[in-house]
Amino acid sequence: MEQQKLQLDNHDSRIKYYELLLERDLDNIPSLPLPDGYRFVFYKDGDRDDWIAVEKSAKEFSSYEQGLEAWNKFYGDRENTLYNRMVFIENANREKVATATAYYDITGRDSSGSAWLHWVAVRRDYQGRGLAKPLISHVLGIMREFGYTHAKIPTQTTTWVACKVYLDFGFLPLPQNAVNSREGWRIMKALTNHPALIGFDAAAVDEMVKDAAG
């Protein structure tokens, strides 16, 4: 497959950037247990830097300062809402190794009342250990407990592996985003050949990456 020829990373800035928005109803959520030795915990005061560390390890941020800027934008004046919305996975040593948040659209642009799945990340050295899907399952269940019936998630082509996980969970492109970011979804089709993207033709290599030789 093309990503194998290109040896793309699961978070790769060489891929042309397009915003991708997905959605799904919150019925029939698969229940996926964590592997032995891990547990879910909620955010508590003082966990901000752990959140930044997980996200930075997953290559969401290139520096602590960038992570702090994102924290302040999304949660800085809302930390009192995180106690039953922001989830971490801890290992047997009580180290935080993954996180996701059952949240809402902070921009005010979405008037649908949908929940928004925020900042899903697994620490780099814990990726591939079967943590991401149980984490998403758990957080979608929290959304249901809040009374939400529908969820949305923003992602991007540069984190194509994460997008594939969301597609595996039954998320689908928002209809308007399928139009606005059609080239992004063509990239996802080429990289994953996911059956949910049957309506898209696959992008060519030079349409996917900024420098096909790179």
# chains A, B, ... in the order shown; residues from 1 in each chain; ligands from 1

$ residues_around --residues "His150 (chain A)" --least-positions-apart "5" --cutoff "10 Å" --atoms "only C-alpha atoms" --output "list in words"
Glu23, Arg24, Asp25, Leu26, Asp27, Ser112, Gly113, Ser114, Ala115, Trp116, Leu140, Met143 and Arg144 of chain A

$ residues_around --residues "Thr155 (chain A)" --least-positions-apart "2" --cutoff "12 Å" --atoms "only C-alpha atoms" --output "NGL selection string"
:A and (11 or 17-23 or 60 or 116-121 or 152-153 or 157-167 or 171 or 173-174 or 177 or 181 or 184-185 or 188)

$ select_by_dssp --residues "region 3-160 of chain A" --states "strand (DSSP E)" --output "compact mmCIF listing (two decimals) with N, CA and C atoms, in the first residue's frame"
# COMPACT_ATOMS: atom_id res chain seq x y z
N GLU A 19 -8.62 19.36 7.38
CA GLU A 19 -9.42 19.09 8.57
C GLU A 19 -10.49 18.05 8.21
N LEU A 20 -10.65 17.07 9.08
CA LEU A 20 -11.64 16.02 8.90
C LEU A 20 -12.59 16.04 10.08
N LEU A 21 -13.88 16.01 9.82
CA LEU A 21 -14.89 15.98 10.87
C LEU A 21 -15.75 14.74 10.70
N LEU A 22 -15.91 14.00 11.79
CA LEU A 22 -16.66 12.76 11.76
C LEU A 22 -17.78 12.80 12.79
N GLU A 23 -18.77 11.94 12.61
CA GLU A 23 -19.90 11.89 13.53
C GLU A 23 -20.46 10.47 13.59
N ARG A 24 -21.18 10.19 14.70
CA ARG A 24 -21.93 8.95 14.82
C ARG A 24 -22.93 9.11 15.96
N ASP A 25 -24.02 8.34 15.87
CA ASP A 25 -24.95 8.27 16.98
C ASP A 25 -24.31 7.46 18.10
N ARG A 39 -5.84 1.18 34.16
CA ARG A 39 -7.12 1.61 34.71
C ARG A 39 -7.47 3.00 34.20
N PHE A 40 -8.77 3.30 34.19
CA PHE A 40 -9.25 4.63 33.86
C PHE A 40 -9.32 5.49 35.12
N VAL A 41 -8.93 6.73 35.00
CA VAL A 41 -9.11 7.70 36.09
C VAL A 41 -9.57 9.01 35.47
N PHE A 42 -10.31 9.80 36.25
CA PHE A 42 -10.72 11.12 35.81
C PHE A 42 -9.65 12.17 36.15
N MET A 86 -12.77 14.57 31.50
CA MET A 86 -11.44 14.24 31.00
C MET A 86 -10.96 12.94 31.63
N VAL A 87 -10.62 11.99 30.78
CA VAL A 87 -10.23 10.65 31.22
C VAL A 87 -8.76 10.41 30.91
N PHE A 88 -8.08 9.76 31.83
CA PHE A 88 -6.72 9.26 31.60
C PHE A 88 -6.72 7.74 31.74
N ILE A 89 -5.76 7.11 31.08
CA ILE A 89 -5.41 5.73 31.38
C ILE A 89 -4.10 5.76 32.16
N GLU A 90 -4.09 5.06 33.29
CA GLU A 90 -2.86 4.93 34.07
C GLU A 90 -2.34 3.50 33.97
N LYS A 96 0.31 8.34 33.87
CA LYS A 96 -0.71 8.60 32.87
C LYS A 96 -0.13 8.39 31.48
N VAL A 97 -0.77 7.51 30.71
CA VAL A 97 -0.20 7.12 29.42
C VAL A 97 -1.14 7.37 28.25
N ALA A 98 -2.37 7.81 28.52
CA ALA A 98 -3.32 8.10 27.44
C ALA A 98 -4.41 9.00 27.99
N THR A 99 -5.10 9.70 27.08
CA THR A 99 -6.15 10.60 27.53
C THR A 99 -7.15 10.87 26.41
N ALA A 100 -8.37 11.23 26.80
CA ALA A 100 -9.41 11.70 25.88
C ALA A 100 -10.47 12.39 26.75
N THR A 101 -11.26 13.25 26.13
CA THR A 101 -12.22 14.04 26.89
C THR A 101 -13.59 14.02 26.23
N ALA A 102 -14.62 13.77 27.02
CA ALA A 102 -16.02 13.83 26.57
C ALA A 102 -16.47 15.27 26.71
N TYR A 103 -16.44 16.03 25.62
CA TYR A 103 -16.63 17.46 25.76
C TYR A 103 -17.72 17.98 24.82
N ALA A 115 -22.18 15.90 21.48
CA ALA A 115 -20.93 15.83 22.24
C ALA A 115 -19.76 15.88 21.27
N TRP A 116 -18.62 16.34 21.76
CA TRP A 116 -17.40 16.36 20.95
C TRP A 116 -16.30 15.58 21.67
N LEU A 117 -15.72 14.65 20.96
CA LEU A 117 -14.61 13.86 21.49
C LEU A 117 -13.32 14.66 21.29
N HIS A 118 -12.66 15.01 22.38
CA HIS A 118 -11.52 15.93 22.35
C HIS A 118 -10.20 15.22 22.63
N TRP A 119 -9.17 15.58 21.87
CA TRP A 119 -7.78 15.32 22.20
C TRP A 119 -7.50 13.87 22.62
N VAL A 120 -7.84 12.94 21.76
CA VAL A 120 -7.52 11.53 22.00
C VAL A 120 -6.04 11.32 21.73
N ALA A 121 -5.31 10.80 22.72
CA ALA A 121 -3.87 10.59 22.53
C ALA A 121 -3.38 9.46 23.42
N VAL A 122 -2.43 8.70 22.89
CA VAL A 122 -1.74 7.65 23.64
C VAL A 122 -0.25 7.97 23.59
N HIS A 150 -25.54 11.90 20.25
CA HIS A 150 -24.77 12.03 19.01
C HIS A 150 -23.41 12.61 19.36
N ALA A 151 -22.38 12.18 18.65
CA ALA A 151 -21.02 12.65 18.92
C ALA A 151 -20.33 13.05 17.62
N LYS A 152 -19.45 14.03 17.75
CA LYS A 152 -18.61 14.46 16.64
C LYS A 152 -17.16 14.45 17.10
N ILE A 153 -16.26 14.32 16.14
CA ILE A 153 -14.84 14.39 16.47
C ILE A 153 -14.09 15.09 15.35
N PRO A 154 -13.28 16.08 15.70
CA PRO A 154 -12.40 16.71 14.70
C PRO A 154 -11.05 16.00 14.66
N THR A 155 -10.54 15.80 13.47
CA THR A 155 -9.19 15.24 13.33
C THR A 155 -8.61 15.81 12.04
N GLN A 156 -7.58 15.19 11.51
CA GLN A 156 -6.94 15.72 10.32
C GLN A 156 -6.20 14.60 9.60

$ atom_distance --atom1 "CA of Trp51 (chain A)" --atom2 "CA of Phe169 (chain A)"
23.8 Å

$ select_by_dssp --residues "region 88-205 of chain A" --states "alpha helix (DSSP H)" --output "JSON, numbers by chain"
{"A": [132, 133, 134, 135, 136, 137, 138, 139, 140, 141, 142, 143, 144, 145, 160, 161, 162, 163, 164, 165, 166, 167, 168, 175, 176, 177, 178, 179, 180, 182, 183, 184, 185, 186, 187, 188, 189, 190, 191, 192, 205]}

$ write_last_selection --atoms "N, CA and C atoms" --output "compact mmCIF listing (two decimals), in the first residue's frame"
# COMPACT_ATOMS: atom_id res chain seq x y z
N ALA A 132 -6.08 2.48 22.75
CA ALA A 132 -6.87 3.54 22.10
C ALA A 132 -8.35 3.18 21.99
N LYS A 133 -8.65 1.99 21.54
CA LYS A 133 -10.06 1.65 21.32
C LYS A 133 -10.83 1.52 22.64
N PRO A 134 -10.27 0.87 23.69
CA PRO A 134 -10.98 0.90 24.98
C PRO A 134 -11.17 2.31 25.51
N LEU A 135 -10.19 3.19 25.30
CA LEU A 135 -10.31 4.58 25.74
C LEU A 135 -11.47 5.27 25.04
N ILE A 136 -11.55 5.13 23.74
CA ILE A 136 -12.64 5.77 22.99
C ILE A 136 -13.97 5.20 23.41
N SER A 137 -14.06 3.88 23.55
CA SER A 137 -15.29 3.24 23.98
C SER A 137 -15.74 3.78 25.33
N HIS A 138 -14.81 3.91 26.26
CA HIS A 138 -15.12 4.39 27.60
C HIS A 138 -15.63 5.83 27.58
N VAL A 139 -14.98 6.68 26.79
CA VAL A 139 -15.38 8.08 26.76
C VAL A 139 -16.71 8.26 26.03
N LEU A 140 -16.96 7.48 25.00
CA LEU A 140 -18.28 7.54 24.35
C LEU A 140 -19.38 7.11 25.33
N GLY A 141 -19.06 6.14 26.18
CA GLY A 141 -20.02 5.74 27.21
C GLY A 141 -20.31 6.85 28.20
N ILE A 142 -19.28 7.63 28.54
CA ILE A 142 -19.48 8.78 29.42
C ILE A 142 -20.41 9.80 28.76
N MET A 143 -20.23 10.00 27.47
CA MET A 143 -21.12 10.90 26.74
C MET A 143 -22.58 10.45 26.87
N ARG A 144 -22.79 9.16 26.74
CA ARG A 144 -24.15 8.62 26.88
C ARG A 144 -24.69 8.89 28.28
N GLU A 145 -23.85 8.74 29.29
CA GLU A 145 -24.28 8.99 30.67
C GLU A 145 -24.68 10.45 30.87
N TRP A 160 -3.69 10.21 10.34
CA TRP A 160 -4.54 9.31 9.57
C TRP A 160 -4.83 7.99 10.29
N VAL A 161 -3.90 7.51 11.09
CA VAL A 161 -4.14 6.25 11.81
C VAL A 161 -5.26 6.44 12.83
N ALA A 162 -5.25 7.57 13.54
CA ALA A 162 -6.33 7.87 14.48
C ALA A 162 -7.67 7.96 13.75
N CYS A 163 -7.66 8.60 12.59
CA CYS A 163 -8.90 8.70 11.82
C CYS A 163 -9.42 7.32 11.44
N LYS A 164 -8.53 6.41 11.10
CA LYS A 164 -8.97 5.05 10.79
C LYS A 164 -9.63 4.39 11.99
N VAL A 165 -9.09 4.63 13.18
CA VAL A 165 -9.70 4.08 14.39
C VAL A 165 -11.13 4.60 14.55
N TYR A 166 -11.33 5.88 14.30
CA TYR A 166 -12.68 6.45 14.42
C TYR A 166 -13.63 5.83 13.39
N LEU A 167 -13.13 5.63 12.19
CA LEU A 167 -13.95 4.96 11.16
C LEU A 167 -14.29 3.54 11.60
N ASP A 168 -13.33 2.86 12.20
CA ASP A 168 -13.58 1.50 12.72
C ASP A 168 -14.68 1.51 13.77
N PRO A 175 -21.48 15.21 6.37
CA PRO A 175 -21.76 15.45 4.94
C PRO A 175 -21.11 16.72 4.38
N GLN A 176 -21.17 17.83 5.13
CA GLN A 176 -20.58 19.06 4.62
C GLN A 176 -19.07 18.96 4.56
N ASN A 177 -18.47 18.29 5.56
CA ASN A 177 -17.02 18.12 5.55
C ASN A 177 -16.58 17.20 4.42
N ALA A 178 -17.42 16.23 4.07
CA ALA A 178 -17.10 15.34 2.94
C ALA A 178 -16.99 16.14 1.65
N VAL A 179 -17.71 17.25 1.58
CA VAL A 179 -17.62 18.14 0.42
C VAL A 179 -16.44 19.09 0.57
N ASN A 180 -16.38 19.78 1.73
CA ASN A 180 -15.35 20.80 1.92
C ASN A 180 -13.94 20.23 1.97
N ARG A 182 -13.04 17.15 0.65
CA ARG A 182 -13.08 15.94 -0.19
C ARG A 182 -11.67 15.43 -0.49
N GLU A 183 -10.74 16.36 -0.76
CA GLU A 183 -9.37 15.91 -1.06
C GLU A 183 -8.75 15.21 0.15
N GLY A 184 -9.10 15.67 1.36
CA GLY A 184 -8.62 14.99 2.55
C GLY A 184 -9.16 13.59 2.68
N TRP A 185 -10.42 13.42 2.38
CA TRP A 185 -11.02 12.09 2.45
C TRP A 185 -10.50 11.18 1.34
N ARG A 186 -10.13 11.76 0.21
CA ARG A 186 -9.47 10.96 -0.84
C ARG A 186 -8.11 10.46 -0.35
N ILE A 187 -7.41 11.30 0.43
CA ILE A 187 -6.15 10.86 1.03
C ILE A 187 -6.40 9.71 2.00
N MET A 188 -7.44 9.85 2.83
CA MET A 188 -7.76 8.77 3.77
C MET A 188 -8.13 7.49 3.04
N LYS A 189 -8.82 7.61 1.93
CA LYS A 189 -9.15 6.43 1.13
C LYS A 189 -7.88 5.73 0.65
N ALA A 190 -6.92 6.53 0.16
CA ALA A 190 -5.68 5.95 -0.33
C ALA A 190 -4.87 5.28 0.78
N LEU A 191 -4.87 5.89 1.95
CA LEU A 191 -4.04 5.38 3.05
C LEU A 191 -4.67 4.18 3.75
N THR A 192 -5.98 4.11 3.81
CA THR A 192 -6.63 3.07 4.61
C THR A 192 -7.50 2.11 3.80
N VAL A 205 -0.23 9.49 -5.03
CA VAL A 205 0.83 9.82 -4.07
C VAL A 205 1.14 11.31 -4.08

$ decode --residues "region 37-52 of chain A" --atoms "all heavy atoms" --output "PDB file, in the first residue's frame"
ATOM      1  N   GLY A  37      -3.528  -4.481  33.939  1.00  0.00           N
ATOM      2  CA  GLY A  37      -2.489  -3.583  34.427  1.00  0.00           C
ATOM      3  C   GLY A  37      -2.767  -2.110  34.199  1.00  0.00           C
ATOM      4  O   GLY A  37      -1.963  -1.264  34.595  1.00  0.00           O
ATOM      5  N   TYR A  38      -3.904  -1.804  33.568  1.00  0.00           N
ATOM      6  CA  TYR A  38      -4.259  -0.414  33.294  1.00  0.00           C
ATOM      7  C   TYR A  38      -5.604  -0.089  33.928  1.00  0.00           C
ATOM      8  O   TYR A  38      -6.416  -0.985  34.181  1.00  0.00           O
ATOM      9  CB  TYR A  38      -4.329  -0.157  31.786  1.00  0.00           C
ATOM     10  CG  TYR A  38      -3.031  -0.377  31.070  1.00  0.00           C
ATOM     11  CD1 TYR A  38      -2.718  -1.618  30.510  1.00  0.00           C
ATOM     12  CD2 TYR A  38      -2.095   0.648  30.947  1.00  0.00           C
ATOM     13  CE1 TYR A  38      -1.520  -1.831  29.841  1.00  0.00           C
ATOM     14  CE2 TYR A  38      -0.888   0.448  30.288  1.00  0.00           C
ATOM     15  CZ  TYR A  38      -0.620  -0.787  29.730  1.00  0.00           C
ATOM     16  OH  TYR A  38       0.581  -0.992  29.079  1.00  0.00           O
ATOM     17  N   ARG A  39      -5.840   1.185  34.156  1.00  0.00           N
ATOM     18  CA  ARG A  39      -7.121   1.605  34.708  1.00  0.00           C
ATOM     19  C   ARG A  39      -7.468   3.001  34.201  1.00  0.00           C
ATOM     20  O   ARG A  39      -6.586   3.788  33.817  1.00  0.00           O
ATOM     21  CB  ARG A  39      -7.088   1.607  36.234  1.00  0.00           C
ATOM     22  CG  ARG A  39      -6.154   2.659  36.833  1.00  0.00           C
ATOM     23  CD  ARG A  39      -6.330   2.776  38.330  1.00  0.00           C
ATOM     24  NE  ARG A  39      -5.598   3.923  38.876  1.00  0.00           N
ATOM     25  CZ  ARG A  39      -5.859   4.484  40.040  1.00  0.00           C
ATOM     26  NH1 ARG A  39      -6.832   4.003  40.797  1.00  0.00           N
ATOM     27  NH2 ARG A  39      -5.159   5.534  40.472  1.00  0.00           N
ATOM     28  N   PHE A  40      -8.768   3.302  34.189  1.00  0.00           N
ATOM     29  CA  PHE A  40      -9.248   4.635  33.858  1.00  0.00           C
ATOM     30  C   PHE A  40      -9.317   5.488  35.119  1.00  0.00           C
ATOM     31  O   PHE A  40      -9.744   5.010  36.175  1.00  0.00           O
ATOM     32  CB  PHE A  40     -10.659   4.571  33.252  1.00  0.00           C
ATOM     33  CG  PHE A  40     -10.736   3.886  31.918  1.00  0.00           C
ATOM     34  CD1 PHE A  40     -11.463   2.710  31.772  1.00  0.00           C
ATOM     35  CD2 PHE A  40     -10.100   4.417  30.798  1.00  0.00           C
ATOM     36  CE1 PHE A  40     -11.561   2.081  30.538  1.00  0.00           C
ATOM     37  CE2 PHE A  40     -10.177   3.790  29.562  1.00  0.00           C
ATOM     38  CZ  PHE A  40     -10.915   2.617  29.428  1.00  0.00           C
ATOM     39  N   VAL A  41      -8.934   6.733  35.002  1.00  0.00           N
ATOM     40  CA  VAL A  41      -9.113   7.703  36.086  1.00  0.00           C
ATOM     41  C   VAL A  41      -9.569   9.014  35.470  1.00  0.00           C
ATOM     42  O   VAL A  41      -9.255   9.323  34.315  1.00  0.00           O
ATOM     43  CB  VAL A  41      -7.816   7.937  36.898  1.00  0.00           C
ATOM     44  CG1 VAL A  41      -7.381   6.663  37.595  1.00  0.00           C
ATOM     45  CG2 VAL A  41      -6.700   8.482  36.017  1.00  0.00           C
ATOM     46  N   PHE A  42     -10.307   9.801  36.246  1.00  0.00           N
ATOM     47  CA  PHE A  42     -10.718  11.121  35.806  1.00  0.00           C
ATOM     48  C   PHE A  42      -9.653  12.168  36.150  1.00  0.00           C
ATOM     49  O   PHE A  42      -8.809  11.963  37.035  1.00  0.00           O
ATOM     50  CB  PHE A  42     -12.038  11.531  36.463  1.00  0.00           C
ATOM     51  CG  PHE A  42     -13.260  10.966  35.790  1.00  0.00           C
ATOM     52  CD1 PHE A  42     -14.097  10.086  36.462  1.00  0.00           C
ATOM     53  CD2 PHE A  42     -13.591  11.327  34.481  1.00  0.00           C
ATOM     54  CE1 PHE A  42     -15.238   9.586  35.862  1.00  0.00           C
ATOM     55  CE2 PHE A  42     -14.722  10.821  33.867  1.00  0.00           C
ATOM     56  CZ  PHE A  42     -15.557   9.951  34.563  1.00  0.00           C
ATOM     57  N   TYR A  43      -9.736  13.270  35.449  1.00  0.00           N
ATOM     58  CA  TYR A  43      -8.894  14.433  35.741  1.00  0.00           C
ATOM     59  C   TYR A  43      -9.065  14.879  37.193  1.00  0.00           C
ATOM     60  O   TYR A  43     -10.174  14.861  37.740  1.00  0.00           O
ATOM     61  CB  TYR A  43      -9.294  15.585  34.801  1.00  0.00           C
ATOM     62  CG  TYR A  43      -8.736  16.931  35.201  1.00  0.00           C
ATOM     63  CD1 TYR A  43      -7.477  17.342  34.774  1.00  0.00           C
ATOM     64  CD2 TYR A  43      -9.480  17.798  36.008  1.00  0.00           C
ATOM     65  CE1 TYR A  43      -6.970  18.590  35.134  1.00  0.00           C
ATOM     66  CE2 TYR A  43      -8.973  19.047  36.368  1.00  0.00           C
ATOM     67  CZ  TYR A  43      -7.725  19.423  35.938  1.00  0.00           C
ATOM     68  OH  TYR A  43      -7.235  20.653  36.290  1.00  0.00           O
ATOM     69  N   LYS A  44      -7.962  15.291  37.771  1.00  0.00           N
ATOM     70  CA  LYS A  44      -7.998  15.955  39.073  1.00  0.00           C
ATOM     71  C   LYS A  44      -7.082  17.174  39.009  1.00  0.00           C
ATOM     72  O   LYS A  44      -6.234  17.285  38.109  1.00  0.00           O
ATOM     73  CB  LYS A  44      -7.577  15.006  40.198  1.00  0.00           C
ATOM     74  CG  LYS A  44      -6.160  14.504  40.125  1.00  0.00           C
ATOM     75  CD  LYS A  44      -5.874  13.539  41.261  1.00  0.00           C
ATOM     76  CE  LYS A  44      -4.408  13.119  41.293  1.00  0.00           C
ATOM     77  NZ  LYS A  44      -3.945  12.495  40.039  1.00  0.00           N
ATOM     78  N   ASP A  45      -7.241  18.078  39.940  1.00  0.00           N
ATOM     79  CA  ASP A  45      -6.421  19.286  39.957  1.00  0.00           C
ATOM     80  C   ASP A  45      -4.934  18.919  39.913  1.00  0.00           C
ATOM     81  O   ASP A  45      -4.486  18.024  40.635  1.00  0.00           O
ATOM     82  CB  ASP A  45      -6.705  20.112  41.214  1.00  0.00           C
ATOM     83  CG  ASP A  45      -8.102  20.709  41.218  1.00  0.00           C
ATOM     84  OD1 ASP A  45      -8.679  20.865  40.124  1.00  0.00           O
ATOM     85  OD2 ASP A  45      -8.618  21.008  42.314  1.00  0.00           O
ATOM     86  N   GLY A  46      -4.210  19.596  39.063  1.00  0.00           N
ATOM     87  CA  GLY A  46      -2.777  19.339  38.939  1.00  0.00           C
ATOM     88  C   GLY A  46      -2.398  18.423  37.795  1.00  0.00           C
ATOM     89  O   GLY A  46      -1.207  18.182  37.562  1.00  0.00           O
ATOM     90  N   ASP A  47      -3.390  17.920  37.049  1.00  0.00           N
ATOM     91  CA  ASP A  47      -3.109  16.976  35.965  1.00  0.00           C
ATOM     92  C   ASP A  47      -2.785  17.646  34.634  1.00  0.00           C
ATOM     93  O   ASP A  47      -2.533  16.962  33.645  1.00  0.00           O
ATOM     94  CB  ASP A  47      -4.292  16.028  35.754  1.00  0.00           C
ATOM     95  CG  ASP A  47      -4.379  14.944  36.811  1.00  0.00           C
ATOM     96  OD1 ASP A  47      -3.378  14.722  37.510  1.00  0.00           O
ATOM     97  OD2 ASP A  47      -5.450  14.320  36.924  1.00  0.00           O
ATOM     98  N   ARG A  48      -2.806  18.959  34.608  1.00  0.00           N
ATOM     99  CA  ARG A  48      -2.578  19.662  33.339  1.00  0.00           C
ATOM    100  C   ARG A  48      -1.266  19.247  32.665  1.00  0.00           C
ATOM    101  O   ARG A  48      -1.243  18.932  31.462  1.00  0.00           O
ATOM    102  CB  ARG A  48      -2.559  21.171  33.578  1.00  0.00           C
ATOM    103  CG  ARG A  48      -2.331  22.010  32.312  1.00  0.00           C
ATOM    104  CD  ARG A  48      -1.931  23.435  32.654  1.00  0.00           C
ATOM    105  NE  ARG A  48      -0.615  23.471  33.287  1.00  0.00           N
ATOM    106  CZ  ARG A  48      -0.087  24.553  33.846  1.00  0.00           C
ATOM    107  NH1 ARG A  48      -0.783  25.679  33.887  1.00  0.00           N
ATOM    108  NH2 ARG A  48       1.120  24.514  34.400  1.00  0.00           N
ATOM    109  N   ASP A  49      -0.179  19.210  33.436  1.00  0.00           N
ATOM    110  CA  ASP A  49       1.109  18.910  32.826  1.00  0.00           C
ATOM    111  C   ASP A  49       1.194  17.458  32.362  1.00  0.00           C
ATOM    112  O   ASP A  49       1.912  17.161  31.395  1.00  0.00           O
ATOM    113  CB  ASP A  49       2.244  19.234  33.797  1.00  0.00           C
ATOM    114  CG  ASP A  49       2.511  20.736  33.895  1.00  0.00           C
ATOM    115  OD1 ASP A  49       1.782  21.522  33.241  1.00  0.00           O
ATOM    116  OD2 ASP A  49       3.441  21.125  34.631  1.00  0.00           O
ATOM    117  N   ASP A  50       0.481  16.553  33.041  1.00  0.00           N
ATOM    118  CA  ASP A  50       0.421  15.169  32.561  1.00  0.00           C
ATOM    119  C   ASP A  50      -0.294  15.108  31.215  1.00  0.00           C
ATOM    120  O   ASP A  50       0.106  14.353  30.322  1.00  0.00           O
ATOM    121  CB  ASP A  50      -0.292  14.283  33.580  1.00  0.00           C
ATOM    122  CG  ASP A  50       0.535  14.038  34.824  1.00  0.00           C
ATOM    123  OD1 ASP A  50       1.678  13.579  34.694  1.00  0.00           O
ATOM    124  OD2 ASP A  50       0.045  14.313  35.925  1.00  0.00           O
ATOM    125  N   TRP A  51      -1.369  15.887  31.082  1.00  0.00           N
ATOM    126  CA  TRP A  51      -2.099  15.943  29.816  1.00  0.00           C
ATOM    127  C   TRP A  51      -1.183  16.454  28.708  1.00  0.00           C
ATOM    128  O   TRP A  51      -1.117  15.860  27.619  1.00  0.00           O
ATOM    129  CB  TRP A  51      -3.313  16.852  29.971  1.00  0.00           C
ATOM    130  CG  TRP A  51      -4.164  16.990  28.746  1.00  0.00           C
ATOM    131  CD1 TRP A  51      -5.192  16.182  28.355  1.00  0.00           C
ATOM    132  CD2 TRP A  51      -4.073  18.020  27.744  1.00  0.00           C
ATOM    133  NE1 TRP A  51      -5.752  16.631  27.182  1.00  0.00           N
ATOM    134  CE2 TRP A  51      -5.075  17.764  26.787  1.00  0.00           C
ATOM    135  CE3 TRP A  51      -3.241  19.133  27.579  1.00  0.00           C
ATOM    136  CZ2 TRP A  51      -5.269  18.581  25.669  1.00  0.00           C
ATOM    137  CZ3 TRP A  51      -3.426  19.942  26.464  1.00  0.00           C
ATOM    138  CH2 TRP A  51      -4.434  19.662  25.531  1.00  0.00           C
ATOM    139  N   ILE A  52      -0.461  17.524  28.987  1.00  0.00           N
ATOM    140  CA  ILE A  52       0.454  18.075  27.991  1.00  0.00           C
ATOM    141  C   ILE A  52       1.524  17.054  27.628  1.00  0.00           C
ATOM    142  O   ILE A  52       1.872  16.877  26.449  1.00  0.00           O
ATOM    143  CB  ILE A  52       1.091  19.377  28.511  1.00  0.00           C
ATOM    144  CG1 ILE A  52       0.023  20.472  28.631  1.00  0.00           C
ATOM    145  CG2 ILE A  52       2.214  19.841  27.584  1.00  0.00           C
ATOM    146  CD1 ILE A  52       0.518  21.750  29.297  1.00  0.00           C
TER     147      ILE A  52
END
